[in-house]
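File shown: model.cif (mmCIF, C-alpha atoms).
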```
data_entry
loop_
_atom_site.group_PDB
_atom_site.id
_atom_site.type_symbol
_atom_site.label_atom_id
_atom_site.label_comp_id
_atom_site.auth_asym_id
_atom_site.auth_seq_id
_atom_site.Cartn_x
_atom_site.Cartn_y
_atom_site.Cartn_z
ATOM 1 C CA MET A 65 37.676 16.376 -13.419
ATOM 2 C CA SER A 66 35.176 13.958 -14.993
ATOM 3 C CA GLU A 67 31.968 12.939 -13.260
ATOM 4 C CA ASP A 68 31.848 9.302 -12.071
ATOM 5 C CA LYS A 69 28.633 7.828 -13.553
ATOM 6 C CA THR A 70 28.954 4.613 -11.507
ATOM 7 C CA ALA A 71 28.226 6.548 -8.300
ATOM 8 C CA GLU A 72 25.102 8.142 -9.752
ATOM 9 C CA ILE A 73 21.758 7.165 -8.247
ATOM 10 C CA VAL A 74 18.882 7.114 -10.703
ATOM 11 C CA LEU A 75 15.670 7.859 -8.821
ATOM 12 C CA ALA A 76 12.308 6.908 -10.318
ATOM 13 C CA LEU A 77 9.256 8.818 -9.087
ATOM 14 C CA GLU A 78 6.027 6.800 -9.161
ATOM 15 C CA ILE A 79 3.562 9.233 -7.665
ATOM 16 C CA ASP A 80 -0.161 9.436 -8.421
ATOM 17 C CA ASP A 81 -0.457 13.108 -7.438
ATOM 18 C CA PRO A 82 1.063 15.241 -10.251
ATOM 19 C CA ALA A 83 1.535 18.289 -7.993
ATOM 20 C CA LEU A 84 3.452 16.237 -5.429
ATOM 21 C CA ALA A 85 5.535 14.619 -8.186
ATOM 22 C CA ASP A 86 6.450 18.054 -9.578
ATOM 23 C CA ARG A 87 7.395 19.391 -6.131
ATOM 24 C CA LEU A 88 9.584 16.364 -5.391
ATOM 25 C CA ALA A 89 11.222 16.541 -8.815
ATOM 26 C CA ALA A 90 12.055 20.207 -8.239
ATOM 27 C CA LEU A 91 13.508 19.472 -4.786
ATOM 28 C CA LEU A 92 15.486 16.399 -5.833
ATOM 29 C CA GLY A 93 16.582 17.551 -9.272
ATOM 30 C CA ASN A 94 19.629 19.500 -8.096
ATOM 31 C CA ILE A 95 21.155 17.004 -5.678
ATOM 32 C CA PRO A 96 24.694 15.997 -6.724
ATOM 33 C CA GLY A 97 25.015 12.286 -7.544
ATOM 34 C CA LEU A 98 21.253 11.944 -8.028
ATOM 35 C CA ARG A 99 19.446 11.908 -11.352
ATOM 36 C CA LEU A 100 15.715 11.553 -11.857
ATOM 37 C CA ALA A 101 14.753 8.699 -14.166
ATOM 38 C CA ALA A 102 13.200 9.585 -17.497
ATOM 39 C CA PRO A 103 9.616 8.370 -18.091
ATOM 40 C CA GLY A 104 9.734 4.612 -18.606
ATOM 41 C CA GLU A 105 13.337 4.351 -17.379
ATOM 42 C CA GLN A 106 13.980 2.033 -14.449
ATOM 43 C CA GLY A 107 15.769 3.657 -11.546
ATOM 44 C CA THR A 108 18.225 2.246 -9.039
ATOM 45 C CA ALA A 109 15.793 3.508 -6.374
ATOM 46 C CA ALA A 110 12.177 4.649 -6.421
ATOM 47 C CA ILE A 111 9.812 6.847 -4.478
ATOM 48 C CA VAL A 112 6.324 5.401 -4.707
ATOM 49 C CA ALA A 113 3.215 7.199 -3.474
ATOM 50 C CA ARG A 114 -0.133 5.769 -4.445
ATOM 51 C CA ASP A 115 -3.558 7.240 -3.788
ATOM 52 C CA PRO A 116 -4.772 5.151 -0.813
ATOM 53 C CA ARG A 117 -8.326 5.263 -2.159
ATOM 54 C CA ILE A 118 -7.280 3.324 -5.270
ATOM 55 C CA MET A 119 -7.149 -0.422 -4.755
ATOM 56 C CA PRO A 120 -4.203 -2.246 -6.347
ATOM 57 C CA GLU A 121 -5.482 -3.933 -9.508
ATOM 58 C CA ASP A 122 -4.606 -7.455 -8.408
ATOM 59 C CA ILE A 123 -6.530 -7.194 -5.110
ATOM 60 C CA ALA A 124 -10.308 -6.854 -5.305
ATOM 61 C CA LEU A 125 -11.623 -6.371 -1.770
ATOM 62 C CA THR A 126 -15.211 -5.475 -1.018
ATOM 63 C CA GLN A 127 -16.017 -2.485 1.161
ATOM 64 C CA ARG A 128 -17.013 -4.832 3.993
ATOM 65 C CA GLU A 129 -13.702 -6.688 3.694
ATOM 66 C CA LEU A 130 -11.907 -3.344 3.913
ATOM 67 C CA ASP A 131 -13.938 -2.512 7.036
ATOM 68 C CA VAL A 132 -12.993 -5.855 8.614
ATOM 69 C CA LEU A 133 -9.355 -5.424 7.580
ATOM 70 C CA ALA A 134 -9.177 -1.959 9.158
ATOM 71 C CA LEU A 135 -10.512 -3.314 12.445
ATOM 72 C CA MET A 136 -8.127 -6.280 12.248
ATOM 73 C CA ALA A 137 -5.277 -3.784 11.850
ATOM 74 C CA GLU A 138 -6.414 -2.166 15.107
ATOM 75 C CA GLY A 139 -6.175 -5.562 16.828
ATOM 76 C CA ALA A 140 -9.924 -6.139 17.174
ATOM 77 C CA SER A 141 -11.139 -9.681 17.813
ATOM 78 C CA ASN A 142 -13.837 -11.300 15.670
ATOM 79 C CA LYS A 143 -16.380 -10.574 18.406
ATOM 80 C CA MET A 144 -15.350 -6.901 18.578
ATOM 81 C CA ILE A 145 -15.479 -6.592 14.777
ATOM 82 C CA ALA A 146 -18.946 -8.159 14.721
ATOM 83 C CA ARG A 147 -20.238 -5.695 17.319
ATOM 84 C CA GLN A 148 -18.651 -2.705 15.611
ATOM 85 C CA LEU A 149 -20.043 -3.602 12.177
ATOM 86 C CA GLY A 150 -23.377 -4.995 13.348
ATOM 87 C CA ILE A 151 -22.809 -8.422 11.812
ATOM 88 C CA SER A 152 -22.500 -11.942 13.217
ATOM 89 C CA VAL A 153 -19.218 -13.472 14.357
ATOM 90 C CA HIS A 154 -19.767 -16.149 11.700
ATOM 91 C CA THR A 155 -19.899 -13.448 8.996
ATOM 92 C CA VAL A 156 -16.710 -11.879 10.371
ATOM 93 C CA LYS A 157 -14.994 -15.271 10.172
ATOM 94 C CA PHE A 158 -16.151 -15.583 6.567
ATOM 95 C CA HIS A 159 -14.680 -12.144 5.717
ATOM 96 C CA VAL A 160 -11.421 -12.913 7.535
ATOM 97 C CA GLY A 161 -11.089 -16.161 5.558
ATOM 98 C CA SER A 162 -11.754 -14.323 2.328
ATOM 99 C CA LEU A 163 -9.122 -11.706 3.235
ATOM 100 C CA LEU A 164 -6.557 -14.400 3.979
ATOM 101 C CA ASP A 165 -7.200 -15.965 0.576
ATOM 102 C CA LYS A 166 -7.176 -12.714 -1.392
ATOM 103 C CA LEU A 167 -4.057 -11.381 0.343
ATOM 104 C CA ASP A 168 -2.308 -14.788 0.256
ATOM 105 C CA ALA A 169 -1.752 -14.546 4.005
ATOM 106 C CA THR A 170 -1.187 -17.226 6.625
ATOM 107 C CA GLY A 171 -2.953 -15.408 9.465
ATOM 108 C CA ARG A 172 -4.535 -12.165 10.622
ATOM 109 C CA THR A 173 -1.248 -10.384 11.328
ATOM 110 C CA ASP A 174 0.181 -11.570 8.029
ATOM 111 C CA ALA A 175 -2.932 -10.297 6.209
ATOM 112 C CA VAL A 176 -2.575 -6.848 7.770
ATOM 113 C CA ALA A 177 1.152 -6.781 6.937
ATOM 114 C CA HIS A 178 0.515 -7.844 3.314
ATOM 115 C CA ALA A 179 -2.237 -5.248 2.952
ATOM 116 C CA ALA A 180 -0.018 -2.493 4.333
ATOM 117 C CA ARG A 181 2.929 -3.432 2.108
ATOM 118 C CA ARG A 182 0.730 -3.487 -0.974
ATOM 119 C CA GLY A 183 -0.892 -0.153 -0.176
ATOM 120 C CA VAL A 184 -4.363 -1.510 0.567
ATOM 121 C CA ILE A 185 -4.347 0.054 4.050
ATOM 122 C CA GLU A 186 -2.165 2.530 5.907
ATOM 123 C CA LEU A 187 -0.849 1.723 9.365
#
```

I'd like the structure from this file rewritten - as structure tokens, please.
Amino acid sequence: MSEDKTAEIVLALEIDDPALADRLAALLGNIPGLRLAAPGEQGTAAIVARDPRIMPEDIALTQRELDVLALMAEGASNKMIARQLGISVHTVKFHVGSLLDKLDATGRTDAVAHAARRGVIEL
């Protein structure tokens, strides 16, 4: 009986940690109907794991913006963020505005969602 190539799933692994990539490749390599994509080959599905300490290249946030973003993700108000970071509410508003611009977001919740989707923060 011939193998049906149309039902095959080609899985691309995009993982920063080589040890994790090797372990996943070993675990997934023998699953029927699943083939791991060759280097440079586009898969029909992908597993992506980026080092959270590495900022995506197209987003350049300062450490203070990351601090503000993390507190925003926790639901902190501008006043609470200011107290926590020892800065003025005006400065917090400046950082929030900068985050909205850099993340192309329409509001605080949208900024947190964009940042999480793009791997800038983990929720």

_Residue by residue, what does the PyMOL selection byres ((chain A and resi 100) around 7) grab here? Present the result as a list in words._
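Taken on the displayed file, the PyMOL selection byres ((chain A and resi 100) around 7) yields the residues Val74, Leu75, Ala76, Gly93, Leu98, Arg99, Ala101 and Ala102 of chain A.
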
*Figure out the distance between atom CA of Ile151 of chain A and atom CA of Leu167 of chain A, please, to one decimal in Å.*
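Result for atom CA of Leu167 of chain A versus atom CA of Ile151 of chain A: 22.2 Å, one decimal.
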
Please provide the set of residues having any atom within 12 Å of Ala124 of chain A, restricted to all atoms listed in the file, with same-chain residues fewer than 5 positions apart removed, written as an mmCIF file with C-alpha atoms, in the frame of the given file.
```
data_model
loop_
_atom_site.group_PDB
_atom_site.id
_atom_site.type_symbol
_atom_site.label_atom_id
_atom_site.label_comp_id
_atom_site.auth_asym_id
_atom_site.auth_seq_id
_atom_site.Cartn_x
_atom_site.Cartn_y
_atom_site.Cartn_z
ATOM 1 C CA ILE A 118 -7.280 3.324 -5.270
ATOM 2 C CA MET A 119 -7.149 -0.422 -4.755
ATOM 3 C CA GLU A 129 -13.702 -6.688 3.694
ATOM 4 C CA LEU A 130 -11.907 -3.344 3.913
ATOM 5 C CA SER A 162 -11.754 -14.323 2.328
ATOM 6 C CA LEU A 163 -9.122 -11.706 3.235
ATOM 7 C CA ASP A 165 -7.200 -15.965 0.576
ATOM 8 C CA LYS A 166 -7.176 -12.714 -1.392
ATOM 9 C CA LEU A 167 -4.057 -11.381 0.343
ATOM 10 C CA ALA A 179 -2.237 -5.248 2.952
ATOM 11 C CA VAL A 184 -4.363 -1.510 0.567
#
```

*Quick one: everything within 9 Å of segment 137-150 of chain A, counting all atoms listed in the file, minus sequence neighbours fewer than 6 positions away in the same chain. Send it as a ChimeraX atom specification.*
/A:128,131,156-157,160,172-173,175-177,185,187

Would you export the selected residues with C-alpha atoms as a PDB file, in the frame of the given file, please?
```
ATOM      1  CA  ARG A 128     -17.013  -4.832   3.993  1.00  0.00           C
ATOM      2  CA  ASP A 131     -13.938  -2.512   7.036  1.00  0.00           C
ATOM      3  CA  VAL A 156     -16.710 -11.879  10.371  1.00  0.00           C
ATOM      4  CA  LYS A 157     -14.994 -15.271  10.172  1.00  0.00           C
ATOM      5  CA  VAL A 160     -11.421 -12.913   7.535  1.00  0.00           C
ATOM      6  CA  ARG A 172      -4.535 -12.165  10.622  1.00  0.00           C
ATOM      7  CA  THR A 173      -1.248 -10.384  11.328  1.00  0.00           C
ATOM      8  CA  ALA A 175      -2.932 -10.297   6.209  1.00  0.00           C
ATOM      9  CA  VAL A 176      -2.575  -6.848   7.770  1.00  0.00           C
ATOM     10  CA  ALA A 177       1.152  -6.781   6.937  1.00  0.00           C
ATOM     11  CA  ILE A 185      -4.347   0.054   4.050  1.00  0.00           C
ATOM     12  CA  LEU A 187      -0.849   1.723   9.365  1.00  0.00           C
TER      13      LEU A 187
END
```

Would you place a box with edges along x, y and z of the file around all atoms of segment 86-101 of chain A listed there, add 4 Å to each of its six sides, and report the centre and edge lengths in Å to one decimal, as lines of an AutoDock Vina configuration file?
```
center_x = 15.7
center_y = 14.5
center_z = -9.5
size_x = 26.6
size_y = 19.5
size_z = 17.4
```

*For Arg181 of chain A, which residue out of A:Val112, A:Leu77, A:Glu105, A:Pro96 is the nearest one, using only C-alpha atoms?*
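Checking each candidate against Arg181 of chain A, we get A:Val112 as the closest.
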
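Between atom CA of Glu186 of chain A and atom CA of Ala90 of chain A there is a distance of 26.7 Å.
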
*Which residue gives the smallest distance to Pro103 of chain A among A:Ala83, A:Ala180, A:Leu164, A:Glu78, with only C-alpha atoms counted?*
A:Glu78

*Atomic distance atom CA of Arg87 of chain A - atom CA of Ala110 of chain A, expressed in Å with one decimal*: 15.5 Å

Using the chain letters and residue numbers of this document, give as a CSV table (one decimal) with C-alpha atoms, in the frame of the given file the residues selected by the PyMOL selection byres ((chain A and resi 79) around 8).
```csv
chain,number,residue,atom,x,y,z
A,77,LEU,CA,9.3,8.8,-9.1
A,78,GLU,CA,6.0,6.8,-9.2
A,80,ASP,CA,-0.2,9.4,-8.4
A,81,ASP,CA,-0.5,13.1,-7.4
A,82,PRO,CA,1.1,15.2,-10.3
A,84,LEU,CA,3.5,16.2,-5.4
A,85,ALA,CA,5.5,14.6,-8.2
A,111,ILE,CA,9.8,6.8,-4.5
A,112,VAL,CA,6.3,5.4,-4.7
A,113,ALA,CA,3.2,7.2,-3.5
A,114,ARG,CA,-0.1,5.8,-4.4
```

Would you mind putting N, CA, C and O atoms back on segment 158-172 of chain A and writing the result as an mmCIF file, keeping the file's coordinate frame?
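Written file, part-v9.cif:
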```cif
data_model
loop_
_atom_site.group_PDB
_atom_site.id
_atom_site.type_symbol
_atom_site.label_atom_id
_atom_site.label_comp_id
_atom_site.auth_asym_id
_atom_site.auth_seq_id
_atom_site.Cartn_x
_atom_site.Cartn_y
_atom_site.Cartn_z
ATOM 1 N N PHE A 158 -16.094 -15.421 8.016
ATOM 2 C CA PHE A 158 -16.151 -15.583 6.567
ATOM 3 C C PHE A 158 -15.293 -14.510 5.886
ATOM 4 O O PHE A 158 -14.496 -14.809 4.991
ATOM 5 N N HIS A 159 -15.446 -13.242 6.318
ATOM 6 C CA HIS A 159 -14.680 -12.144 5.717
ATOM 7 C C HIS A 159 -13.186 -12.289 5.990
ATOM 8 O O HIS A 159 -12.368 -12.038 5.098
ATOM 9 N N VAL A 160 -12.830 -12.709 7.200
ATOM 10 C CA VAL A 160 -11.421 -12.913 7.535
ATOM 11 C C VAL A 160 -10.832 -13.997 6.633
ATOM 12 O O VAL A 160 -9.741 -13.834 6.073
ATOM 13 N N GLY A 161 -11.547 -15.091 6.449
ATOM 14 C CA GLY A 161 -11.089 -16.161 5.558
ATOM 15 C C GLY A 161 -10.905 -15.676 4.136
ATOM 16 O O GLY A 161 -9.914 -16.007 3.468
ATOM 17 N N SER A 162 -11.844 -14.882 3.672
ATOM 18 C CA SER A 162 -11.754 -14.323 2.328
ATOM 19 C C SER A 162 -10.535 -13.403 2.201
ATOM 20 O O SER A 162 -9.815 -13.430 1.197
ATOM 21 N N LEU A 163 -10.292 -12.590 3.237
ATOM 22 C CA LEU A 163 -9.122 -11.706 3.235
ATOM 23 C C LEU A 163 -7.822 -12.501 3.189
ATOM 24 O O LEU A 163 -6.887 -12.156 2.449
ATOM 25 N N LEU A 164 -7.762 -13.573 3.981
ATOM 26 C CA LEU A 164 -6.557 -14.400 3.979
ATOM 27 C C LEU A 164 -6.293 -14.981 2.594
ATOM 28 O O LEU A 164 -5.143 -14.997 2.134
ATOM 29 N N ASP A 165 -7.346 -15.423 1.928
ATOM 30 C CA ASP A 165 -7.200 -15.965 0.576
ATOM 31 C C ASP A 165 -6.752 -14.884 -0.407
ATOM 32 O O ASP A 165 -5.797 -15.074 -1.160
ATOM 33 N N LYS A 166 -7.459 -13.768 -0.412
ATOM 34 C CA LYS A 166 -7.176 -12.714 -1.392
ATOM 35 C C LYS A 166 -5.800 -12.082 -1.192
ATOM 36 O O LYS A 166 -5.167 -11.658 -2.160
ATOM 37 N N LEU A 167 -5.356 -12.000 0.063
ATOM 38 C CA LEU A 167 -4.057 -11.381 0.343
ATOM 39 C C LEU A 167 -2.930 -12.414 0.426
ATOM 40 O O LEU A 167 -1.791 -12.066 0.693
ATOM 41 N N ASP A 168 -3.278 -13.691 0.203
ATOM 42 C CA ASP A 168 -2.308 -14.788 0.256
ATOM 43 C C ASP A 168 -1.554 -14.756 1.581
ATOM 44 O O ASP A 168 -0.324 -14.779 1.622
ATOM 45 N N ALA A 169 -2.317 -14.678 2.663
ATOM 46 C CA ALA A 169 -1.752 -14.546 4.005
ATOM 47 C C ALA A 169 -1.967 -15.819 4.805
ATOM 48 O O ALA A 169 -2.917 -16.567 4.569
ATOM 49 N N THR A 170 -1.101 -16.038 5.791
ATOM 50 C CA THR A 170 -1.187 -17.226 6.625
ATOM 51 C C THR A 170 -1.947 -16.978 7.924
ATOM 52 O O THR A 170 -2.266 -17.925 8.631
ATOM 53 N N GLY A 171 -2.222 -15.736 8.247
ATOM 54 C CA GLY A 171 -2.953 -15.408 9.465
ATOM 55 C C GLY A 171 -3.358 -13.946 9.462
ATOM 56 O O GLY A 171 -3.078 -13.210 8.509
ATOM 57 N N ARG A 172 -4.021 -13.536 10.534
ATOM 58 C CA ARG A 172 -4.535 -12.165 10.622
ATOM 59 C C ARG A 172 -3.417 -11.127 10.547
ATOM 60 O O ARG A 172 -3.512 -10.158 9.801
#
```
